[in-house]
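A.B. asks: My questions will all concern the structure given below.
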Amino acid sequence: METSEKLLDPELVQRGRPVCGFSRKVFCEGMRDGVPIALGYFAVSFSLGIAARKAGFTPLQGFLASLLNNASAGEYAAFALIMTNASYLEVAVITLIANARYLLMSCALAQRFAPDTPIWHRFVIGYDVTDELFGITIARPGNLDPYYTYGAILLAAPAWASGTALGIIAGNLLPLRAVSALSVALYGMFLAIIIPPARKSRIVAALVAVSFALSFACNYLPGIASLSDGTRTILLTVLISGAAAVLFPVKDQEAEKDDA
Amino acid sequence: MTHNNYIYIAIMALVSYCIRVLPLTLIRRPIKNRFIQSFLYYVPYVTLAVMTFPAIVHATQSPAAGAAALVIGIAAAWWGASLFQVAVACCAVVLIIELFI
């Protein structure tokens, strides 16, 4: 069995397994499903650009930050810290916390790769695991076809990066009223991510409510109120999620099923 | 001490990439520890909720407009609106309310 496989020309083996071969059809399907995501990213990253501008980023720096990070909350939290001239370590920690959910998504995706998929696909897919791209990738039945996700990434990543750059430029040009309205787009995205699962699970709904309340309270508590937004986010996330994990441990299947 | 924006970007990019690529390459088996699994499951909801409120209220010129965007955003997401629709609804609410304030 092993020897016969070794004898086969790699290309012939590939042809028998369409999963890791390039398919124009699958790639185009990915692009099709990437259109609404790219549209949403463009709108949301605009308000990310407004935050990046406050942190002193040039349009090029904002473009690079978004192109290399592909993270809404992670970038936003980092920009908020950078605004206060935070240390490099603080920025690393907030990026880790705000993006921790991608760790879980990558774990789920790792299970869906066909065993014979070349490893370099894992390095490329890892470039852009986001809530939305993870969602459409995992929603497809069967083994993960990286070219489907590449099709979507091809539209989503440039939209995200150019929206950020434009947000930085427009932040200077647009009237204050428009900037004010656009600033909430990012929060709209956060709500679109957390509210649907909260509707399905009472525990998640309660956690969201508790997080809102404690986050609000921390604005006024002596001592804690003087910490930066980023540090408060780190503390609250670790405390609340840790308490929830002890009080309401998830069943093995639940985490992956709900995420999918 | 002043910091270099490009170093900030490099650190952010490195951390973001490692978080995503390590589970895909090195840690290929599912996480078995129940506490870690539960913790990671809850983290996104808590982080995003903490970051959203009360920040959304301070993001706009008038706090009332930000608060209205929060309510409309929650309602829209609750009734199944897409990411794009929720984001646009929030912006529209702020724009309209601030026209009248």
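Chain identifiers are assigned as A, B, and so on, following the order in which chains appear in the structure tokens; residues are numbered from 1 within each chain, and ligands are numbered from 1 in order of appearance.
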Using only C-alpha atoms, what table do you get, as CSV, when you list each residue of range 14-95 of chain B with an atom no more than 12 Å from range 114-123 of chain A, its nearest pair of atoms, and their distance in Å rounded to one decimal, rows by chain then rising number?

C.D. replies:
```
residue,atom,partner,partner_atom,distance
B:Tyr17,CA,A:Phe123,CA,9.2
B:Cys18,CA,A:Phe123,CA,10.0
B:Ile19,CA,A:Phe123,CA,11.7
B:Arg20,CA,A:Phe123,CA,9.0
B:Val21,CA,A:Phe123,CA,6.1
B:Leu22,CA,A:Phe123,CA,9.0
B:Pro23,CA,A:Arg122,CA,9.5
B:Leu24,CA,A:Arg122,CA,5.9
B:Thr25,CA,A:Arg122,CA,6.6
B:Leu26,CA,A:Arg122,CA,10.4
B:Ile27,CA,A:Arg122,CA,11.9
B:Arg28,CA,A:Arg122,CA,10.6
```

A.B. asks: Put those residues in a file: C-alpha atoms, as an mmCIF file, in the first residue's frame.

C.D. replies:
```cif
data_model
loop_
_atom_site.group_PDB
_atom_site.id
_atom_site.type_symbol
_atom_site.label_atom_id
_atom_site.label_comp_id
_atom_site.auth_asym_id
_atom_site.auth_seq_id
_atom_site.Cartn_x
_atom_site.Cartn_y
_atom_site.Cartn_z
ATOM 1 C CA TYR B 17 -0.646 35.052 13.238
ATOM 2 C CA CYS B 18 0.673 32.736 15.950
ATOM 3 C CA ILE B 19 -2.753 32.481 17.610
ATOM 4 C CA ARG B 20 -4.232 31.324 14.322
ATOM 5 C CA VAL B 21 -1.490 29.209 12.877
ATOM 6 C CA LEU B 22 -0.278 27.285 15.926
ATOM 7 C CA PRO B 23 -3.528 25.330 16.384
ATOM 8 C CA LEU B 24 -3.525 24.613 12.640
ATOM 9 C CA THR B 25 0.030 23.284 12.561
ATOM 10 C CA LEU B 26 1.520 22.267 15.918
ATOM 11 C CA ILE B 27 -1.477 21.642 18.148
ATOM 12 C CA ARG B 28 -3.550 19.623 15.710
#
```

A.B. asks: Set the distance at 7 Å and use only C-alpha atoms: which residues neighbour range 206-217 of chain A once local chain neighbours fewer than 6 positions away are removed? I'd like the list as an mmCIF file with N, CA and C atoms, in the first residue's frame.

C.D. replies:
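Saved as result-v7.cif:
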```
data_model
loop_
_atom_site.group_PDB
_atom_site.id
_atom_site.type_symbol
_atom_site.label_atom_id
_atom_site.label_comp_id
_atom_site.auth_asym_id
_atom_site.auth_seq_id
_atom_site.Cartn_x
_atom_site.Cartn_y
_atom_site.Cartn_z
ATOM 1 N N TYR B 45 -17.194 36.321 23.641
ATOM 2 C CA TYR B 45 -18.412 37.052 24.003
ATOM 3 C C TYR B 45 -18.108 38.104 25.057
ATOM 4 N N VAL B 46 -17.298 37.724 26.037
ATOM 5 C CA VAL B 46 -16.987 38.656 27.117
ATOM 6 C C VAL B 46 -16.132 39.815 26.598
ATOM 7 N N ALA B 49 -18.206 42.124 24.394
ATOM 8 C CA ALA B 49 -19.215 42.843 25.175
ATOM 9 C C ALA B 49 -18.548 43.941 26.006
ATOM 10 N N VAL B 50 -17.442 43.611 26.646
ATOM 11 C CA VAL B 50 -16.720 44.596 27.463
ATOM 12 C C VAL B 50 -16.260 45.771 26.596
ATOM 13 N N PHE B 53 -19.630 48.136 25.382
ATOM 14 C CA PHE B 53 -20.311 49.022 26.329
ATOM 15 C C PHE B 53 -19.413 49.285 27.517
ATOM 16 N N PRO B 54 -19.298 50.502 27.961
ATOM 17 C CA PRO B 54 -19.989 51.721 27.507
ATOM 18 C C PRO B 54 -19.282 52.459 26.372
#
```

A.B. asks: Identify, on the basis of only C-alpha atoms, every residue whose closest approach to range 145-152 of chain A does not exceed 8 Å; exclude the query and any residue fewer than 6 positions from it along the same chain; express the result as a PyMOL selection string.

C.D. replies: chain A and resi 19-20+22-23+26-35+113+121+125+133+137

A.B. asks: Identify, on the basis of only C-alpha atoms, every residue whose closest approach to Ala86 in chain A does not exceed 12 Å; exclude the query and any residue fewer than 2 positions from it along the same chain; express the result as an MDAnalysis selection string.

C.D. replies: (chainID A and resid 55 77:84 88:94 227:231) or (chainID B and resid 1:5 8)

A.B. asks: For range 48-52 of chain A, find every residue with an atom within 6 Å (counting only C-alpha atoms), except residues of its own chain fewer than 4 positions away, and show them as a list in words.

C.D. replies: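 Returned residues: Phe57, Phe79, Thr164, Gly167, Ile168 and Gly171 of chain A.
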
A.B. asks: Set the distance at 7 Å and use only C-alpha atoms: which residues neighbour Gly73 in chain B once local chain neighbours fewer than 3 positions away are removed? I'd like the list as a PDB file with N, CA and C atoms, in the first residue's frame.

C.D. replies:
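Output file selection.pdb follows:
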```pdb
ATOM      1  N   GLY A 188     -21.204  47.829  15.863  1.00  0.00           N
ATOM      2  CA  GLY A 188     -22.266  47.075  15.208  1.00  0.00           C
ATOM      3  C   GLY A 188     -21.782  45.682  14.842  1.00  0.00           C
ATOM      4  N   LEU A 191     -21.634  43.534  17.898  1.00  0.00           N
ATOM      5  CA  LEU A 191     -22.978  43.087  18.278  1.00  0.00           C
ATOM      6  C   LEU A 191     -23.444  41.959  17.357  1.00  0.00           C
TER       7      LEU A 191
ATOM      8  N   ALA B  69     -27.788  53.628  19.147  1.00  0.00           N
ATOM      9  CA  ALA B  69     -27.125  52.703  18.226  1.00  0.00           C
ATOM     10  C   ALA B  69     -26.949  51.342  18.881  1.00  0.00           C
ATOM     11  N   LEU B  70     -26.652  51.353  20.176  1.00  0.00           N
ATOM     12  CA  LEU B  70     -26.494  50.092  20.906  1.00  0.00           C
ATOM     13  C   LEU B  70     -27.808  49.303  20.892  1.00  0.00           C
ATOM     14  N   ALA B  76     -31.314  44.552  15.879  1.00  0.00           N
ATOM     15  CA  ALA B  76     -31.089  44.090  14.505  1.00  0.00           C
ATOM     16  C   ALA B  76     -30.379  42.737  14.510  1.00  0.00           C
ATOM     17  N   ALA B  77     -29.346  42.590  15.355  1.00  0.00           N
ATOM     18  CA  ALA B  77     -28.603  41.332  15.410  1.00  0.00           C
ATOM     19  C   ALA B  77     -29.489  40.216  15.965  1.00  0.00           C
ATOM     20  N   VAL B  86     -26.231  45.230  10.323  1.00  0.00           N
ATOM     21  CA  VAL B  86     -26.159  45.736  11.703  1.00  0.00           C
ATOM     22  C   VAL B  86     -25.273  46.980  11.755  1.00  0.00           C
ATOM     23  N   ALA B  89     -27.062  49.902  10.146  1.00  0.00           N
ATOM     24  CA  ALA B  89     -28.175  50.355  10.982  1.00  0.00           C
ATOM     25  C   ALA B  89     -27.659  51.238  12.122  1.00  0.00           C
ATOM     26  N   CYS B  90     -26.575  50.795  12.752  1.00  0.00           N
ATOM     27  CA  CYS B  90     -26.004  51.581  13.859  1.00  0.00           C
ATOM     28  C   CYS B  90     -25.576  52.965  13.379  1.00  0.00           C
TER      29      CYS B  90
END
```
